[in-house]
>>> print(open('query_8.tsv').read())   # TSV, C-alpha atoms
chain	number	residue	atom	x	y	z
K	1	MET	CA	-5.85	4.96	-47.29
K	2	SER	CA	-5.76	6.60	-43.87
K	3	ALA	CA	-3.04	5.87	-41.32
K	4	ARG	CA	-2.88	2.25	-40.21
K	5	LEU	CA	-1.49	0.77	-37.01
K	6	ARG	CA	-0.01	-2.70	-37.42
K	7	ILE	CA	0.09	-4.81	-34.24
K	8	ASP	CA	2.50	-7.73	-34.13
K	9	LEU	CA	1.19	-10.18	-31.52
K	10	GLY	CA	4.14	-12.45	-32.25
K	11	ALA	CA	6.49	-9.70	-31.06
K	12	LEU	CA	4.27	-9.22	-27.99
K	13	THR	CA	4.53	-12.85	-26.98
K	14	ALA	CA	8.27	-12.89	-27.69
K	15	ASN	CA	8.62	-9.91	-25.35
K	16	TYR	CA	6.61	-11.74	-22.72
K	17	ARG	CA	9.02	-14.65	-22.88
K	18	VAL	CA	11.92	-12.22	-22.35
K	19	PHE	CA	10.29	-11.07	-19.11
K	20	GLN	CA	9.37	-14.60	-18.10
K	21	ARG	CA	12.99	-15.69	-18.36
K	22	ALA	CA	14.15	-12.57	-16.50
K	23	ALA	CA	11.66	-13.23	-13.68
K	24	GLU	CA	12.75	-16.82	-13.03
K	25	PRO	CA	12.51	-18.59	-10.63
K	26	GLY	CA	9.36	-16.49	-10.28
K	27	SER	CA	6.93	-15.73	-13.08
K	28	ALA	CA	5.78	-12.74	-15.11
K	29	ALA	CA	2.26	-11.35	-15.29
K	30	GLY	CA	0.85	-9.23	-18.07
K	31	VAL	CA	-0.17	-5.63	-17.37
K	32	VAL	CA	-3.03	-4.91	-19.78
K	33	LYS	CA	-4.46	-1.73	-18.24
K	34	ALA	CA	-5.78	1.06	-20.47
K	35	ASP	CA	-7.21	-1.49	-22.91
K	36	GLY	CA	-3.90	-3.26	-23.30
K	37	TYR	CA	-2.05	0.05	-23.69
K	38	GLY	CA	-4.46	0.88	-26.48
K	39	LEU	CA	-4.00	-2.36	-28.42
K	40	GLY	CA	-7.12	-4.16	-27.20
K	41	ALA	CA	-6.98	-5.91	-23.83
K	42	PRO	CA	-8.97	-9.02	-24.87
K	43	GLN	CA	-6.79	-9.67	-27.92
K	44	VAL	CA	-3.57	-8.94	-26.04
K	45	GLY	CA	-4.74	-11.02	-23.09
K	46	VAL	CA	-5.56	-14.07	-25.20
K	47	ALA	CA	-2.19	-13.86	-26.97
K	48	LEU	CA	-0.36	-13.69	-23.64
K	49	TRP	CA	-2.44	-16.54	-22.22
K	50	GLU	CA	-1.51	-18.73	-25.18
K	51	ALA	CA	2.15	-17.83	-24.50
K	52	GLY	CA	1.82	-19.15	-20.94
K	53	CYS	CA	0.84	-16.04	-18.98
K	54	ARG	CA	-1.64	-16.81	-16.21
K	55	ASP	CA	-1.72	-13.57	-14.19
K	56	PHE	CA	-2.90	-10.17	-15.38
K	57	PHE	CA	-3.20	-6.64	-14.00
K	58	VAL	CA	-5.77	-4.03	-15.00
K	59	ALA	CA	-6.48	-0.56	-13.63
K	60	THR	CA	-10.20	-0.74	-12.88
K	61	ALA	CA	-12.92	-3.24	-12.11
K	62	ALA	CA	-14.62	-2.40	-15.42
K	63	GLU	CA	-11.44	-3.34	-17.28
K	64	GLY	CA	-11.26	-6.55	-15.28
K	65	VAL	CA	-14.83	-7.54	-16.11
K	66	ARG	CA	-14.13	-7.02	-19.81
K	67	LEU	CA	-10.93	-9.05	-19.67
K	68	ARG	CA	-12.65	-11.84	-17.73
K	69	SER	CA	-14.97	-12.46	-20.67
K	70	ALA	CA	-11.91	-13.30	-22.79
K	71	LEU	CA	-9.91	-15.08	-20.07
K	72	PRO	CA	-12.27	-17.14	-17.90
K	73	GLU	CA	-9.47	-18.98	-16.07
K	74	ALA	CA	-6.91	-16.20	-15.55
K	75	ARG	CA	-6.09	-14.54	-12.24
K	76	ILE	CA	-6.84	-10.84	-12.73
K	77	PHE	CA	-5.66	-8.17	-10.29
K	78	VAL	CA	-7.26	-4.71	-10.17
K	79	PHE	CA	-4.92	-1.84	-9.25
K	80	GLU	CA	-7.63	0.55	-8.00
K	81	GLY	CA	-8.64	-1.91	-5.29
K	82	ALA	CA	-12.11	-2.27	-3.82
K	83	LEU	CA	-14.55	0.63	-4.02
K	84	ASP	CA	-18.13	0.94	-2.76
K	85	ASP	CA	-19.49	0.79	-6.29
K	86	SER	CA	-17.17	-1.96	-7.57
K	87	VAL	CA	-17.33	-4.70	-4.92
K	88	ALA	CA	-20.18	-6.52	-6.66
K	89	ALA	CA	-18.35	-6.44	-10.00
K	90	LEU	CA	-15.10	-7.62	-8.40
K	91	ALA	CA	-16.83	-10.53	-6.70
K	92	GLY	CA	-19.01	-11.41	-9.68
K	93	ALA	CA	-16.06	-11.63	-12.07
K	94	ALA	CA	-13.71	-13.28	-9.53
K	95	LEU	CA	-11.28	-10.36	-9.70
K	96	VAL	CA	-8.55	-9.75	-7.13
K	97	PRO	CA	-8.52	-6.17	-5.78
K	98	VAL	CA	-5.18	-4.59	-4.87
K	99	LEU	CA	-6.03	-2.92	-1.56
K	100	ASN	CA	-4.40	0.47	-1.09
K	101	HIS	CA	-5.56	1.85	2.27
K	102	PRO	CA	-7.37	0.80	5.48
K	103	ALA	CA	-10.81	1.79	4.24
K	104	GLN	CA	-10.45	-0.61	1.31
K	105	ALA	CA	-9.25	-3.36	3.63
K	106	ALA	CA	-12.27	-2.84	5.86
K	107	LEU	CA	-14.64	-2.78	2.89
K	108	TRP	CA	-13.25	-6.00	1.39
K	109	ARG	CA	-13.22	-7.72	4.78
K	110	ARG	CA	-16.90	-6.86	5.18
K	111	ASP	CA	-18.19	-7.43	1.63
K	112	GLY	CA	-15.58	-9.57	-0.07
K	113	GLY	CA	-15.95	-12.51	2.25
K	114	ASP	CA	-13.05	-14.90	2.02
K	115	ARG	CA	-12.29	-13.96	-1.59
K	116	PRO	CA	-8.61	-13.28	-2.32
K	117	CYS	CA	-7.02	-9.84	-2.40
K	118	ALA	CA	-3.59	-8.24	-2.75
K	119	VAL	CA	-2.00	-5.45	-0.71
K	120	HIS	CA	0.01	-2.55	-2.13
K	121	VAL	CA	2.75	-1.06	0.07
K	122	ASP	CA	3.95	2.46	-0.75
K	123	THR	CA	7.72	2.38	-0.23
K	124	GLY	CA	8.43	5.77	-1.78
K	125	MET	CA	6.36	6.19	-4.93
K	126	HIS	CA	3.88	8.35	-2.98
K	127	ARG	CA	0.98	7.38	-5.19
K	128	LEU	CA	-1.04	4.48	-3.77
K	129	GLY	CA	-0.50	2.00	-0.96
K	130	PHE	CA	-0.17	1.37	2.76
K	131	PRO	CA	2.82	2.74	4.70
K	132	PRO	CA	5.57	0.13	5.12
K	133	ASP	CA	5.11	0.12	8.92
K	134	THR	CA	1.41	-0.80	8.75
K	135	PRO	CA	0.71	-3.38	11.49
K	136	ALA	CA	-0.09	-6.90	10.31
K	137	GLU	CA	-3.34	-6.71	12.31
K	138	THR	CA	-4.67	-4.31	9.66
K	139	PHE	CA	-4.96	-7.27	7.30
K	140	ALA	CA	-6.40	-9.77	9.76
K	141	GLY	CA	-9.18	-11.85	8.26
K	142	LEU	CA	-8.15	-11.13	4.67
K	143	HIS	CA	-7.12	-13.80	2.19
K	144	LEU	CA	-3.85	-12.27	0.96
K	145	GLU	CA	-2.55	-13.67	-2.31
K	146	LEU	CA	0.08	-11.02	-3.06
K	147	LEU	CA	2.06	-8.24	-1.40
K	148	MET	CA	3.35	-5.65	-3.85
K	149	THR	CA	5.15	-2.35	-4.23
K	150	HIS	CA	6.24	-0.12	-7.11
K	151	LEU	CA	9.72	1.33	-7.65
K	152	ALA	CA	9.77	5.04	-8.45
K	153	CYS	CA	13.17	5.05	-10.20
K	154	ALA	CA	13.41	1.57	-11.74
K	155	ASP	CA	14.12	3.17	-15.12
K	156	GLU	CA	17.52	4.15	-13.63
K	157	PRO	CA	18.86	0.85	-12.23
K	158	GLY	CA	21.67	2.48	-10.28
K	159	HIS	CA	19.48	5.07	-8.55
K	160	PRO	CA	19.84	4.85	-4.73
K	161	MET	CA	16.07	5.19	-4.33
K	162	ASN	CA	15.65	1.63	-5.64
K	163	ARG	CA	17.68	0.12	-2.81
K	164	ARG	CA	15.92	2.26	-0.18
K	165	GLN	CA	12.54	1.09	-1.44
K	166	LEU	CA	13.63	-2.55	-1.47
K	167	GLU	CA	14.77	-2.24	2.17
K	168	ALA	CA	11.50	-0.59	3.17
K	169	PHE	CA	9.58	-3.36	1.44
K	170	ALA	CA	11.62	-6.01	3.26
K	171	ALA	CA	10.36	-4.58	6.55
K	172	ALA	CA	6.76	-4.85	5.33
K	173	ARG	CA	7.35	-8.42	4.12
K	174	SER	CA	8.64	-9.44	7.53
K	175	ARG	CA	5.24	-8.58	9.04
K	176	LEU	CA	3.41	-10.79	6.53
K	177	PRO	CA	5.63	-13.86	6.13
K	178	GLY	CA	4.70	-16.41	3.52
K	179	VAL	CA	2.76	-14.04	1.26
K	180	PRO	CA	4.13	-14.02	-2.33
K	181	VAL	CA	5.50	-10.64	-3.45
K	182	SER	CA	5.53	-8.53	-6.59
K	183	ILE	CA	8.11	-5.76	-7.04
K	184	GLY	CA	9.32	-5.42	-10.59
K	185	ASN	CA	7.79	-3.41	-13.38
K	186	SER	CA	9.38	-3.71	-16.83
K	187	ALA	CA	12.66	-2.02	-15.95
K	188	ALA	CA	13.05	-3.62	-12.53
K	189	THR	CA	12.38	-7.11	-13.88
K	190	LEU	CA	15.14	-6.70	-16.46
K	191	SER	CA	17.53	-5.46	-13.74
K	192	GLY	CA	17.84	-8.75	-11.81
K	193	THR	CA	15.76	-11.31	-9.98
K	194	GLU	CA	15.89	-9.54	-6.61
K	195	TRP	CA	13.94	-6.68	-8.17
K	196	ALA	CA	11.23	-8.87	-9.70
K	197	GLY	CA	9.79	-10.74	-6.73
K	198	ASP	CA	7.67	-13.84	-7.09
K	199	LEU	CA	5.42	-12.20	-9.70
K	200	ALA	CA	6.86	-9.55	-12.02
K	201	ARG	CA	4.57	-6.93	-13.56
K	202	PRO	CA	5.94	-5.85	-16.96
K	203	GLY	CA	3.82	-3.21	-18.65
K	204	ILE	CA	5.27	-0.87	-21.28
K	205	GLY	CA	8.10	-3.29	-22.04
K	206	LEU	CA	5.62	-5.94	-23.18
K	207	TYR	CA	4.51	-3.60	-25.94
K	208	GLY	CA	8.03	-2.80	-27.15
K	209	GLY	CA	8.68	0.39	-25.20
K	210	ASN	CA	12.15	0.86	-23.73
K	211	PRO	CA	11.60	1.06	-19.95
K	212	PHE	CA	15.05	2.53	-19.25
K	213	VAL	CA	16.16	6.16	-19.31
K	214	SER	CA	19.49	5.52	-20.99
K	215	ALA	CA	20.09	1.76	-21.29
K	216	SER	CA	19.15	-0.42	-24.26
K	217	SER	CA	16.26	-2.85	-24.03
K	218	PRO	CA	15.95	-6.45	-25.29
K	219	VAL	CA	12.30	-6.12	-26.32
K	220	ALA	CA	11.03	-5.79	-29.89
K	221	PRO	CA	8.57	-3.23	-31.28
K	222	VAL	CA	4.97	-4.41	-31.30
K	223	GLU	CA	3.37	-1.49	-33.14
K	224	THR	CA	4.13	0.05	-36.51
K	225	LEU	CA	2.29	3.15	-37.71
K	226	GLU	CA	1.92	3.31	-41.48
K	227	GLY	CA	0.56	5.93	-43.80
K	228	ARG	CA	0.44	6.61	-47.55
K	229	VAL	CA	2.94	9.09	-48.95
K	230	LEU	CA	0.91	11.39	-51.24
K	231	GLN	CA	3.73	13.42	-52.69
K	232	VAL	CA	7.48	13.98	-52.40
K	233	ARG	CA	8.79	17.48	-53.09
K	234	ARG	CA	12.30	18.89	-53.38
K	235	GLY	CA	12.95	22.35	-52.07
K	236	GLY	CA	15.90	24.52	-52.82
K	237	ALA	CA	18.08	26.08	-50.15
K	238	GLY	CA	16.38	29.08	-48.58
K	239	GLU	CA	12.90	28.28	-49.93
K	240	ARG	CA	9.96	28.48	-47.53
K	241	VAL	CA	7.58	25.64	-46.68
K	242	CYS	CA	4.13	26.96	-45.82
>>> encode(input="query_8.tsv", output="structure tokens")
Amino acid sequence: MSARLRIDLGALTANYRVFQRAAEPGSAAGVVKADGYGLGAPQVGVALWEAGCRDFFVATAAEGVRLRSALPEARIFVFEGALDDSVAALAGAALVPVLNHPAQAALWRRDGGDRPCAVHVDTGMHRLGFPPDTPAETFAGLHLELLMTHLACADEPGHPMNRRQLEAFAAARSRLPGVPVSIGNSAATLSGTEWAGDLARPGIGLYGGNPFVSASSPVAPVETLEGRVLQVRRGGAGERVC
């Protein structure tokens, strides 16, 4: 027998319920990018749907199209946003692009029609997103369903960067009142409701990974790697193993 990876979908759904409770009075989505962190996005997605999850995040439009075939009624957000070669796929599969810069906003306004979208605000991660002081006029004519950001140091709950990012995000929220928000990844969601927002986005924690640098985590392992032991040997002190 070669190595075997056991996947416990019961542990996955139990972990989801941990995040759902932590996100209340909001709700928790399921991040299933990278093929459900390598476990199979359709299978993971269906298990989460049956546990009550209704919102999902993927990295690319191609991932979203594949997930849509398994989850016809879910709301599926796409982190990469709208690209010239993905608009048709986004629209055809009723996916929600997470817009990251003005060119994407202009593209979706032109080709997305009145279909919904989300907006990512970069409050200090320096990866993707609009600056926090972006004028509200930039998003005129767009059907915004979600305003989101990502905390760079959420794995260290006491890090001062977390509070600075939350304050920067509050300024962005004030320009777009009434739009639901998403802040918390796995670690942030477990750190208190103010860090989660209306829609939390747990990723690695769903799959049993500890999202904290030094704190313990309430989630259970989802994967177990097994292999056959072919032989056990005893070596004396000073002997070499080659």
>>> closest_residue(input="query_8.tsv", among="K:Asp55, K:Glu63, K:Glu239, K:Glu50", to="Asp35 (chain K)", atoms="all atoms listed in the file")
K:Glu63
>>> closest_atom_pairs(input="query_8.tsv", of="region 144-176 of chain K", to="region 211-217 of chain K", cutoff="9 Å", atoms="only C-alpha atoms", output="tab-separated table")
residue	atom	partner	partner_atom	distance
K:Ala154	CA	K:Phe212	CA	7.7
K:Asp155	CA	K:Phe212	CA	4.3
K:Glu156	CA	K:Val213	CA	6.2
K:Pro157	CA	K:Phe212	CA	8.2
>>> residues_around(input="query_8.tsv", residues="region 222-232 of chain K", least_positions_apart="2", cutoff="7 Å", atoms="only C-alpha atoms", output="ChimeraX atom specification")
/K:1-9,11-12,207-208,220,234
>>> atom_distance(input="query_8.tsv", atom1="CA of Leu176 (chain K)", atom2="CA of His120 (chain K)")
12.4 Å
>>> atom_distance(input="query_8.tsv", atom1="CA of Ala200 (chain K)", atom2="CA of Ala91 (chain K)")
24.3 Å
>>> atom_distance(input="query_8.tsv", atom1="CA of Val121 (chain K)", atom2="CA of Ala106 (chain K)")
16.2 Å
>>> residues_near_point(input="query_8.tsv", point="(0.8, -17.0, -19.8)", cutoff="10 Å", atoms="only C-alpha atoms", output="list in words")
Thr13, Tyr16, Arg17, Gln20, Ser27, Ala28, Ala29, Gly30, Gly45, Val46, Ala47, Leu48, Trp49, Glu50, Ala51, Gly52, Cys53, Arg54, Asp55, Phe56 and Ala74 of chain K
>>> closest_residue(input="query_8.tsv", among="K:Asn210, K:Thr149, K:Ser174, K:Gln165", to="Gly197 (chain K)", atoms="only C-alpha atoms")
K:Thr149
>>> closest_atom_pairs(input="query_8.tsv", of="region 146-236 of chain K", to="region 123-139 of chain K", cutoff="8 Å", atoms="only C-alpha atoms", output="JSON lines")
{"residue": "K:Thr149", "atom": "CA", "partner": "K:Thr123", "partner_atom": "CA", "distance": 6.7}
{"residue": "K:His150", "atom": "CA", "partner": "K:Met125", "partner_atom": "CA", "distance": 6.7}
{"residue": "K:Leu151", "atom": "CA", "partner": "K:Met125", "partner_atom": "CA", "distance": 6.5}
{"residue": "K:Ala152", "atom": "CA", "partner": "K:Met125", "partner_atom": "CA", "distance": 5.0}
{"residue": "K:Gln165", "atom": "CA", "partner": "K:Thr123", "partner_atom": "CA", "distance": 5.1}
{"residue": "K:Leu166", "atom": "CA", "partner": "K:Thr123", "partner_atom": "CA", "distance": 7.8}
{"residue": "K:Ala168", "atom": "CA", "partner": "K:Thr123", "partner_atom": "CA", "distance": 5.9}
{"residue": "K:Phe169", "atom": "CA", "partner": "K:Thr123", "partner_atom": "CA", "distance": 6.3}
{"residue": "K:Ala171", "atom": "CA", "partner": "K:Pro132", "partner_atom": "CA", "distance": 6.9}
{"residue": "K:Ala172", "atom": "CA", "partner": "K:Pro132", "partner_atom": "CA", "distance": 5.1}
{"residue": "K:Arg175", "atom": "CA", "partner": "K:Ala136", "partner_atom": "CA", "distance": 5.7}
{"residue": "K:Leu176", "atom": "CA", "partner": "K:Ala136", "partner_atom": "CA", "distance": 6.5}
>>> closest_residue(input="query_8.tsv", among="K:Ala170, K:Ala118, K:Leu199, K:Leu95", to="Gly184 (chain K)", atoms="only C-alpha atoms")
K:Leu199
>>> residues_near_point(input="query_8.tsv", point="(12.8, -11.2, -5.5)", cutoff="10 Å", atoms="all atoms listed in the file", output="ChimeraX atom specification")
/K:23-26,166,180-184,189,192-200
>>> residues_around(input="query_8.tsv", residues="Pro97 (chain K)", least_positions_apart="2", cutoff="9 Å", atoms="all atoms listed in the file", output="MDAnalysis selection string")
chainID K and resid 61 76:82 87 90 95 99 108 116:119
>>> closest_residue(input="query_8.tsv", among="K:Gly236, K:Pro202, K:Pro221, K:Gly141", to="Ala22 (chain K)", atoms="only C-alpha atoms")
K:Pro202
>>> closest_residue(input="query_8.tsv", among="K:Gly203, K:Leu39, K:Glu167, K:Glu145", to="Val219 (chain K)", atoms="only C-alpha atoms")
K:Gly203
>>> decode(input="query_8.tsv", residues="region 14-124 of chain K", atoms="C-alpha atoms", output="short mmCIF file (atom, residue, chain, number, x, y, z; two decimals), in the first residue's frame")
data_model
loop_
_atom_site.label_atom_id
_atom_site.label_comp_id
_atom_site.auth_asym_id
_atom_site.auth_seq_id
_atom_site.Cartn_x
_atom_site.Cartn_y
_atom_site.Cartn_z
CA ALA K 14 -17.49 20.70 12.95
CA ASN K 15 -14.76 23.28 12.34
CA TYR K 16 -17.14 25.29 10.20
CA ARG K 17 -19.63 25.42 13.06
CA VAL K 18 -16.86 26.71 15.35
CA PHE K 19 -16.32 29.62 12.97
CA GLN K 20 -20.03 30.16 12.48
CA ARG K 21 -20.52 30.57 16.22
CA ALA K 22 -17.48 32.85 16.46
CA ALA K 23 -18.81 35.04 13.62
CA GLU K 24 -22.24 35.63 15.16
CA PRO K 25 -24.27 37.79 14.78
CA GLY K 26 -22.72 37.65 11.30
CA SER K 27 -22.04 34.47 9.37
CA ALA K 28 -19.06 32.47 8.13
CA ALA K 29 -18.21 31.69 4.52
CA GLY K 30 -16.04 28.84 3.33
CA VAL K 31 -12.73 29.58 1.60
CA VAL K 32 -12.20 26.70 -0.83
CA LYS K 33 -9.45 28.15 -3.04
CA ALA K 34 -6.67 25.90 -4.37
CA ASP K 35 -9.13 23.05 -4.86
CA GLY K 36 -10.33 23.21 -1.28
CA TYR K 37 -6.76 23.45 0.03
CA GLY K 38 -6.01 20.30 -1.91
CA LEU K 39 -8.92 18.25 -0.55
CA GLY K 40 -11.29 18.68 -3.50
CA ALA K 41 -13.34 21.87 -3.71
CA PRO K 42 -16.59 20.21 -4.91
CA GLN K 43 -16.58 17.63 -2.12
CA VAL K 44 -15.57 20.18 0.52
CA GLY K 45 -18.11 22.67 -0.82
CA VAL K 46 -21.01 20.21 -0.70
CA ALA K 47 -20.11 19.19 2.87
CA LEU K 48 -20.01 22.83 3.97
CA TRP K 49 -23.28 23.58 2.17
CA GLU K 50 -24.97 20.71 4.00
CA ALA K 51 -23.62 22.20 7.26
CA GLY K 52 -25.34 25.50 6.49
CA CYS K 53 -22.63 27.45 4.64
CA ARG K 54 -24.06 29.58 1.85
CA ASP K 55 -21.10 31.78 0.84
CA PHE K 56 -17.81 30.63 -0.65
CA PHE K 57 -14.54 32.17 -1.80
CA VAL K 58 -12.25 30.87 -4.54
CA ALA K 59 -9.09 32.32 -6.07
CA THR K 60 -9.91 32.27 -9.78
CA ALA K 61 -12.86 32.28 -12.14
CA ALA K 62 -11.94 28.77 -13.30
CA GLU K 63 -12.19 27.54 -9.70
CA GLY K 64 -15.53 29.29 -9.37
CA VAL K 65 -16.95 27.67 -12.49
CA ARG K 66 -15.95 24.24 -11.20
CA LEU K 67 -17.47 24.89 -7.79
CA ARG K 68 -20.68 26.22 -9.35
CA SER K 69 -21.32 22.83 -10.93
CA ALA K 70 -21.46 21.32 -7.43
CA LEU K 71 -23.20 24.25 -5.71
CA PRO K 72 -25.81 25.73 -8.06
CA GLU K 73 -27.39 27.97 -5.39
CA ALA K 74 -24.32 29.20 -3.48
CA ARG K 75 -22.92 32.72 -3.59
CA ILE K 76 -19.35 32.36 -4.85
CA PHE K 77 -16.80 35.19 -4.62
CA VAL K 78 -13.66 35.23 -6.78
CA PHE K 79 -10.59 36.82 -5.18
CA GLU K 80 -8.77 37.66 -8.43
CA GLY K 81 -11.64 39.92 -9.51
CA ALA K 82 -12.67 40.62 -13.09
CA LEU K 83 -10.16 40.13 -15.90
CA ASP K 84 -10.54 40.66 -19.65
CA ASP K 85 -10.51 36.92 -20.27
CA SER K 86 -12.73 35.95 -17.33
CA VAL K 87 -15.73 38.30 -17.52
CA ALA K 88 -17.76 35.88 -19.63
CA ALA K 89 -17.05 33.00 -17.24
CA LEU K 90 -17.89 35.13 -14.20
CA ALA K 91 -21.19 36.23 -15.71
CA GLY K 92 -22.07 32.81 -17.10
CA ALA K 93 -21.58 31.06 -13.76
CA ALA K 94 -23.12 33.90 -11.70
CA LEU K 95 -19.87 34.45 -9.80
CA VAL K 96 -19.13 37.56 -7.75
CA PRO K 97 -15.75 39.15 -8.58
CA VAL K 98 -13.79 40.84 -5.80
CA LEU K 99 -12.63 44.02 -7.53
CA ASN K 100 -9.10 45.07 -6.61
CA HIS K 101 -8.27 48.21 -8.60
CA PRO K 102 -9.93 50.89 -10.78
CA ALA K 103 -9.34 49.05 -14.05
CA GLN K 104 -11.33 46.08 -12.74
CA ALA K 105 -14.10 48.39 -11.55
CA ALA K 106 -14.28 49.99 -14.98
CA LEU K 107 -14.26 46.61 -16.72
CA TRP K 108 -17.06 45.19 -14.55
CA ARG K 109 -19.11 48.38 -14.87
CA ARG K 110 -18.86 48.08 -18.65
CA ASP K 111 -19.23 44.31 -19.13
CA GLY K 112 -20.76 43.03 -15.92
CA GLY K 113 -23.96 44.99 -16.22
CA ASP K 114 -25.84 45.19 -12.97
CA ARG K 115 -24.42 41.89 -11.71
CA PRO K 116 -23.12 41.98 -8.12
CA CYS K 117 -19.49 42.48 -7.15
CA ALA K 118 -17.36 42.96 -4.05
CA VAL K 119 -14.60 45.49 -3.36
CA HIS K 120 -11.30 44.72 -1.63
CA VAL K 121 -9.65 47.54 0.34
CA ASP K 122 -5.92 47.25 1.06
CA THR K 123 -5.49 48.53 4.62
CA GLY K 124 -1.88 47.41 5.04
#
